[in-house]
Amino acid sequence: MALTDLTPSAPLLSRSRMPRAQELPGIPWLSRLEPGAREQALASLRVVEVEPGELLCRVGRPPIYWFGVLDGLLKVGNDGAHGTTVTYMGVPPGGWFGEGTALKREGYRFNVQALRRSVIAGLPIDCFDRLLESSLGFNRFLMQQLNERLGQFIAARDIDRLTQPDARVARSLAALFDPVLYPGVGEMLRITQQELAYLVGLSRQRVNRALRSMQAEGVIRIEYGGVRVLALDKLRHYGPAD
């Protein structure tokens, strides 16, 4: 997939807009804020639409926004030592990411690329810091987010050690259904087999075979435009024991 560098500021700012009323329920931490903090956030939030292949964040660039996905799908990864791409995670609707980078004010250690046309919300770092200093609700959300993220990356290390392709696909798919990190997904995830292949690091054909095996076992159902999970716990532990 071709890369188009969007990273910030002028191209992003020139295309951004205020969030629409119908988009606000897709920002999970807004409802946790105290009234004054919520007003600050609403006055600062920006929304931008990105095209497939565009980079929202690039390695080494300083954070200007804390980002979340209102609609679409992002890939968080990096370039490997031999010219291959290492994928850390996918970010579906409802997911916010990069809070560790925002807290430390260091350059990004990863690239974030749109896999499809996506609608992204951004909270300026200065507002992020003000909420961190003044809002108990915001701090509680971030603590929960960081704790859940730690568990996600531990699980990702286990996935990396799996040699059975069906298990790799299943557990990578299960990570996208995390109800804490990605509350906008629910039971149905809009994702193509090619997009899932990008995230897992396998061919589309191999991903197709894995999905059909899981469907035959009643773990998922392949639907038009995506995948519906029928047994999330089985999906999380699919395949041979480690």
# chains A, B, ... in the order shown; residues from 1 in each chain; ligands from 1
>>> residues_around(residues="A:Glu49", least_positions_apart="3", cutoff="8 Å", atoms="only C-alpha atoms", output="ChimeraX atom specification")
/A:15-16,117-120
>>> residues_around(residues="stretch 95-110 of chain A", least_positions_apart="6", cutoff="10 Å", atoms="only C-alpha atoms", output="PyMOL selection string")
chain A and resi 26-29+57-71+73-79+86-88+120-122+124-126+128-129+132+142+145-146+149+176+178-185
>>> closest_residue(among="A:Asn111, A:Asn139, A:Ser31, A:Gln193", to="A:Arg209", atoms="only C-alpha atoms")
A:Gln193
>>> residues_around(residues="A:Arg17", least_positions_apart="6", cutoff="8 Å", atoms="only C-alpha atoms", output="list in words")
Arg46, Val47 and Val48 of chain A
>>> residues_around(residues="A:Leu45", least_positions_apart="3", cutoff="7 Å", atoms="only C-alpha atoms", output="list in words")
Met18, Pro19, Ala41, Leu42, Ala121, Gly122 and Leu123 of chain A
>>> write_last_selection(atoms="N, CA, C and O atoms", output="tab-separated table (two decimals), in the first residue's frame")
chain	number	residue	atom	x	y	z
A	18	MET	N	-14.69	20.83	13.20
A	18	MET	CA	-15.24	20.51	14.51
A	18	MET	C	-16.02	19.19	14.42
A	18	MET	O	-16.59	18.87	13.36
A	19	PRO	N	-16.08	18.42	15.50
A	19	PRO	CA	-16.88	17.19	15.45
A	19	PRO	C	-18.37	17.50	15.36
A	19	PRO	O	-18.85	18.52	15.90
A	41	ALA	N	-12.81	20.14	26.28
A	41	ALA	CA	-12.52	19.14	25.25
A	41	ALA	C	-13.30	19.42	23.97
A	41	ALA	O	-12.75	19.38	22.86
A	42	LEU	N	-14.59	19.74	24.12
A	42	LEU	CA	-15.43	20.00	22.95
A	42	LEU	C	-14.94	21.21	22.16
A	42	LEU	O	-15.03	21.24	20.92
A	121	ALA	N	-10.59	11.58	15.05
A	121	ALA	CA	-10.69	12.72	15.96
A	121	ALA	C	-9.34	12.95	16.61
A	121	ALA	O	-8.58	12.01	16.86
A	122	GLY	N	-9.03	14.21	16.87
A	122	GLY	CA	-7.78	14.56	17.51
A	122	GLY	C	-7.98	15.57	18.62
A	122	GLY	O	-8.70	16.56	18.44
A	123	LEU	N	-7.36	15.30	19.77
A	123	LEU	CA	-7.37	16.24	20.88
A	123	LEU	C	-5.98	16.86	20.97
A	123	LEU	O	-5.00	16.13	21.14
>>> decode(residues="stretch 94-199 of chain A", atoms="C-alpha atoms", output="mmCIF file, in the first residue's frame")
data_model
loop_
_atom_site.group_PDB
_atom_site.id
_atom_site.type_symbol
_atom_site.label_atom_id
_atom_site.label_comp_id
_atom_site.auth_asym_id
_atom_site.auth_seq_id
_atom_site.Cartn_x
_atom_site.Cartn_y
_atom_site.Cartn_z
ATOM 1 C CA GLY A 94 -13.804 3.686 19.277
ATOM 2 C CA GLY A 95 -10.062 3.165 19.727
ATOM 3 C CA TRP A 96 -7.737 5.909 20.991
ATOM 4 C CA PHE A 97 -3.978 5.439 20.831
ATOM 5 C CA GLY A 98 -0.634 7.088 21.495
ATOM 6 C CA GLU A 99 -1.361 8.167 25.053
ATOM 7 C CA GLY A 100 2.078 6.955 26.167
ATOM 8 C CA THR A 101 3.738 9.122 23.529
ATOM 9 C CA ALA A 102 1.548 12.070 24.532
ATOM 10 C CA LEU A 103 2.379 11.647 28.219
ATOM 11 C CA LYS A 104 6.128 11.540 27.578
ATOM 12 C CA ARG A 105 6.098 14.175 24.820
ATOM 13 C CA GLU A 106 8.587 12.086 22.851
ATOM 14 C CA GLY A 107 8.680 11.373 19.134
ATOM 15 C CA TYR A 108 6.517 8.557 17.800
ATOM 16 C CA ARG A 109 8.161 5.134 17.786
ATOM 17 C CA PHE A 110 5.690 3.837 15.221
ATOM 18 C CA ASN A 111 3.836 4.769 12.049
ATOM 19 C CA VAL A 112 0.053 4.960 11.941
ATOM 20 C CA GLN A 113 -1.492 4.364 8.523
ATOM 21 C CA ALA A 114 -5.093 4.320 7.304
ATOM 22 C CA LEU A 115 -6.059 0.983 5.779
ATOM 23 C CA ARG A 116 -9.307 2.435 4.459
ATOM 24 C CA ARG A 117 -10.991 5.820 4.310
ATOM 25 C CA SER A 118 -11.284 6.768 7.970
ATOM 26 C CA VAL A 119 -12.672 9.525 10.168
ATOM 27 C CA ILE A 120 -10.213 10.493 12.896
ATOM 28 C CA ALA A 121 -10.695 12.715 15.964
ATOM 29 C CA GLY A 122 -7.781 14.560 17.512
ATOM 30 C CA LEU A 123 -7.373 16.243 20.877
ATOM 31 C CA PRO A 124 -4.516 18.813 20.924
ATOM 32 C CA ILE A 125 -1.696 17.866 23.272
ATOM 33 C CA ASP A 126 -2.041 21.086 25.274
ATOM 34 C CA CYS A 127 -5.692 20.250 26.011
ATOM 35 C CA PHE A 128 -4.665 16.651 26.781
ATOM 36 C CA ASP A 129 -2.268 17.999 29.417
ATOM 37 C CA ARG A 130 -4.879 20.338 30.919
ATOM 38 C CA LEU A 131 -7.385 17.493 31.275
ATOM 39 C CA LEU A 132 -4.691 15.325 32.800
ATOM 40 C CA GLU A 133 -4.055 17.999 35.446
ATOM 41 C CA SER A 134 -7.668 18.859 36.220
ATOM 42 C CA SER A 135 -10.049 15.966 35.410
ATOM 43 C CA LEU A 136 -10.391 12.908 37.628
ATOM 44 C CA GLY A 137 -12.629 11.249 35.024
ATOM 45 C CA PHE A 138 -10.026 11.726 32.308
ATOM 46 C CA ASN A 139 -7.296 10.262 34.519
ATOM 47 C CA ARG A 140 -9.399 7.220 35.323
ATOM 48 C CA PHE A 141 -10.032 6.649 31.624
ATOM 49 C CA LEU A 142 -6.308 6.887 30.841
ATOM 50 C CA MET A 143 -5.381 4.486 33.668
ATOM 51 C CA GLN A 144 -7.875 1.935 32.359
ATOM 52 C CA GLN A 145 -6.636 2.506 28.812
ATOM 53 C CA LEU A 146 -2.966 2.005 29.716
ATOM 54 C CA ASN A 147 -3.720 -1.104 31.788
ATOM 55 C CA GLU A 148 -5.736 -2.680 28.975
ATOM 56 C CA ARG A 149 -3.049 -1.702 26.441
ATOM 57 C CA LEU A 150 -0.401 -3.487 28.517
ATOM 58 C CA GLY A 151 -2.467 -6.660 28.427
ATOM 59 C CA GLN A 152 -2.911 -6.259 24.672
ATOM 60 C CA PHE A 153 0.825 -6.059 24.035
ATOM 61 C CA ILE A 154 1.547 -9.060 26.268
ATOM 62 C CA ALA A 155 -1.018 -10.987 24.217
ATOM 63 C CA ALA A 156 0.637 -9.718 21.021
ATOM 64 C CA ARG A 157 3.962 -11.240 22.103
ATOM 65 C CA ASP A 158 2.189 -14.570 22.516
ATOM 66 C CA ILE A 159 0.675 -14.218 19.033
ATOM 67 C CA ASP A 160 4.139 -13.569 17.569
ATOM 68 C CA ARG A 161 5.303 -16.924 18.909
ATOM 69 C CA LEU A 162 2.452 -18.850 17.304
ATOM 70 C CA THR A 163 3.389 -20.879 14.244
ATOM 71 C CA GLN A 164 -0.147 -22.093 13.498
ATOM 72 C CA PRO A 165 -1.692 -19.604 11.014
ATOM 73 C CA ASP A 166 -5.307 -20.190 12.061
ATOM 74 C CA ALA A 167 -4.448 -19.347 15.665
ATOM 75 C CA ARG A 168 -2.568 -16.203 14.601
ATOM 76 C CA VAL A 169 -5.562 -14.975 12.624
ATOM 77 C CA ALA A 170 -8.032 -15.833 15.401
ATOM 78 C CA ARG A 171 -6.151 -14.146 18.206
ATOM 79 C CA SER A 172 -5.289 -11.092 16.111
ATOM 80 C CA LEU A 173 -8.969 -10.793 15.225
ATOM 81 C CA ALA A 174 -9.959 -11.186 18.894
ATOM 82 C CA ALA A 175 -7.751 -8.213 19.811
ATOM 83 C CA LEU A 176 -9.902 -5.999 17.573
ATOM 84 C CA PHE A 177 -12.985 -6.932 19.611
ATOM 85 C CA ASP A 178 -11.583 -5.665 22.927
ATOM 86 C CA PRO A 179 -14.630 -3.927 24.490
ATOM 87 C CA VAL A 180 -12.482 -1.588 26.614
ATOM 88 C CA LEU A 181 -10.045 -0.362 23.975
ATOM 89 C CA TYR A 182 -12.488 -0.496 21.051
ATOM 90 C CA PRO A 183 -16.019 0.093 22.378
ATOM 91 C CA GLY A 184 -17.243 1.153 18.948
ATOM 92 C CA VAL A 185 -16.884 -2.327 17.453
ATOM 93 C CA GLY A 186 -19.500 -4.365 19.321
ATOM 94 C CA GLU A 187 -20.064 -7.846 17.886
ATOM 95 C CA MET A 188 -19.579 -6.931 14.217
ATOM 96 C CA LEU A 189 -16.312 -5.582 12.791
ATOM 97 C CA ARG A 190 -16.235 -4.048 9.344
ATOM 98 C CA ILE A 191 -13.006 -5.422 7.881
ATOM 99 C CA THR A 192 -11.984 -7.013 4.593
ATOM 100 C CA GLN A 193 -9.868 -10.118 4.360
ATOM 101 C CA GLN A 194 -7.108 -8.071 2.738
ATOM 102 C CA GLU A 195 -7.129 -5.585 5.625
ATOM 103 C CA LEU A 196 -6.929 -8.430 8.135
ATOM 104 C CA ALA A 197 -4.071 -9.922 6.134
ATOM 105 C CA TYR A 198 -2.165 -6.616 6.449
ATOM 106 C CA LEU A 199 -2.622 -6.697 10.223
#
